[in-house]
Amino acid sequence: MIRVVIADDIQILRQGLWAILSKDPEIQIVGLASNGKEAWELSRTQKPDVVLMDMRMPEYDGIWGIEKIKSELPTVKILVLTTFNDQETVEAAIQKGAEGYILKEMDGDQVIRSIKAVYIGIRVFGDRVFEGIRQTMARKEGMSKAALASSFDPQRAGITEREKDIMRCVAQGMDNREIAAKLFLAEGTVRNNISRLLEKLKLKDRTQLAVFTVKNHLDT
């Protein structure tokens with residue numbers, strides 16, 4: 001059972017999320033919060049597995065809540081669910097420790113899948129969120145595709161064509177099940193390939209792998 005706290009300042013949205021998520025037999029809602037402070041307090045008492053966190057709430061916003069929860073309860077996963085897609089807010093949430101960032105335009109099933117992915121350690125970013133990260137990165141780097149490509153040689157690094165396919169899927173925000181379906185592989189094969197990629201490239205997790213893939217223009 002995945003224990004979840006929902007933090008949103010709009011009551012009807014809190015209740016709506018509670019109704020949607022409670023239909024899944026693997027999810028148990030253990031608290032509803034109207035701001036970041038209430039989310040932190042509930043996390044201390046209810047020990048949730050995942051906090052579904054809005055970003056802009058009165059008095060104590062999502063950034064405050066993420067920082068407090070992560071500083072005291074680092075094993076609690078934070079999945080941001082918000083309407084705000086500006087890069088300043090996205091980057092702040094990630095820097096404070098959020099494991100995922102999705103937008104309220106997602107349907108209920110997508111939110112449920114995102115919660116389950118974050119719970120098992122997969123970082124999740126909505127399509128528009130990841131595209132924003134991609135564009136920001138390109139602006140900051142200020143480098144041409146050719147220059148970036150020349151800085152990393154997949155063949156020299158021992159990256160196979162299949163591994164490059166998996167890297168592209170990770171960069172698109174797919175989870176292991178989606179990658180397996182797209183590439184006609186077993187989920188275990190996908191998981192093992194990602195582990196080998198992280199080892200080859202000396203990266204910590206699939207978020208770094210996604211960023212590495214985009215940075216070196218291996219996602220096209």
# chains A, B, ... in the order shown; residues from 1 in each chain; ligands from 1
call {"tool": "residues_around", "arguments": {"residues": "Ser34 in chain A", "least_positions_apart": "2", "cutoff": "7 Å", "atoms": "only C-alpha atoms", "output": "VMD selection string"}}
result
chain A and resid 7 to 9 32 38
call {"tool": "residues_around", "arguments": {"residues": "Ile27 in chain A", "least_positions_apart": "5", "cutoff": "8 Å", "atoms": "only C-alpha atoms", "output": "PyMOL selection string"}}
result
chain A and resi 1-4+21-22
call {"tool": "write_last_selection", "arguments": {"atoms": "N, CA, C and O atoms", "output": "tab-separated table (two decimals), in the first residue's frame"}}
result
chain	number	residue	atom	x	y	z
A	1	MET	N	0.84	-1.20	0.00
A	1	MET	CA	0.00	0.00	0.00
A	1	MET	C	0.88	1.25	0.00
A	1	MET	O	1.79	1.37	0.82
A	2	ILE	N	0.59	2.17	-0.90
A	2	ILE	CA	1.35	3.42	-0.99
A	2	ILE	C	0.60	4.50	-0.20
A	2	ILE	O	-0.52	4.86	-0.56
A	3	ARG	N	1.22	5.00	0.85
A	3	ARG	CA	0.60	6.00	1.70
A	3	ARG	C	0.89	7.39	1.12
A	3	ARG	O	2.06	7.75	0.89
A	4	VAL	N	-0.17	8.17	0.89
A	4	VAL	CA	-0.04	9.44	0.18
A	4	VAL	C	-0.66	10.59	0.98
A	4	VAL	O	-1.76	10.45	1.53
A	21	LEU	N	-7.70	9.16	-6.45
A	21	LEU	CA	-6.61	8.28	-6.03
A	21	LEU	C	-7.11	7.14	-5.17
A	21	LEU	O	-6.55	6.04	-5.20
A	22	SER	N	-8.15	7.39	-4.39
A	22	SER	CA	-8.66	6.36	-3.47
A	22	SER	C	-9.28	5.18	-4.22
A	22	SER	O	-9.48	4.11	-3.63
call {"tool": "atom_distance", "arguments": {"atom1": "CA of Asn192 in chain A", "atom2": "CA of Val211 in chain A"}}
result
19.3 Å
call {"tool": "closest_atom_pairs", "arguments": {"of": "range 174-218 of chain A", "to": "range 91-108 of chain A", "cutoff": "12 Å", "atoms": "only C-alpha atoms", "output": "Markdown table"}}
result
| residue | atom | partner | partner_atom | distance |
| --- | --- | --- | --- | --- |
| A:Asp205 | CA | A:Glu99 | CA | 11.1 |
| A:Arg206 | CA | A:Glu99 | CA | 11.1 |
| A:Thr207 | CA | A:Glu99 | CA | 9.2 |
call {"tool": "select_by_dssp", "arguments": {"residues": "chain A", "states": "strand (DSSP E or B)", "output": "ChimeraX atom specification"}}
result
/A:2-7,27-33,50-53,77-82,100-103,124-125
call {"tool": "residues_around", "arguments": {"residues": "range 45-53 of chain A", "least_positions_apart": "3", "cutoff": "8 Å", "atoms": "only C-alpha atoms", "output": "PyMOL selection string"}}
result
chain A and resi 2-8+30-31+36+39+41-42+62+75-82+115+118-119
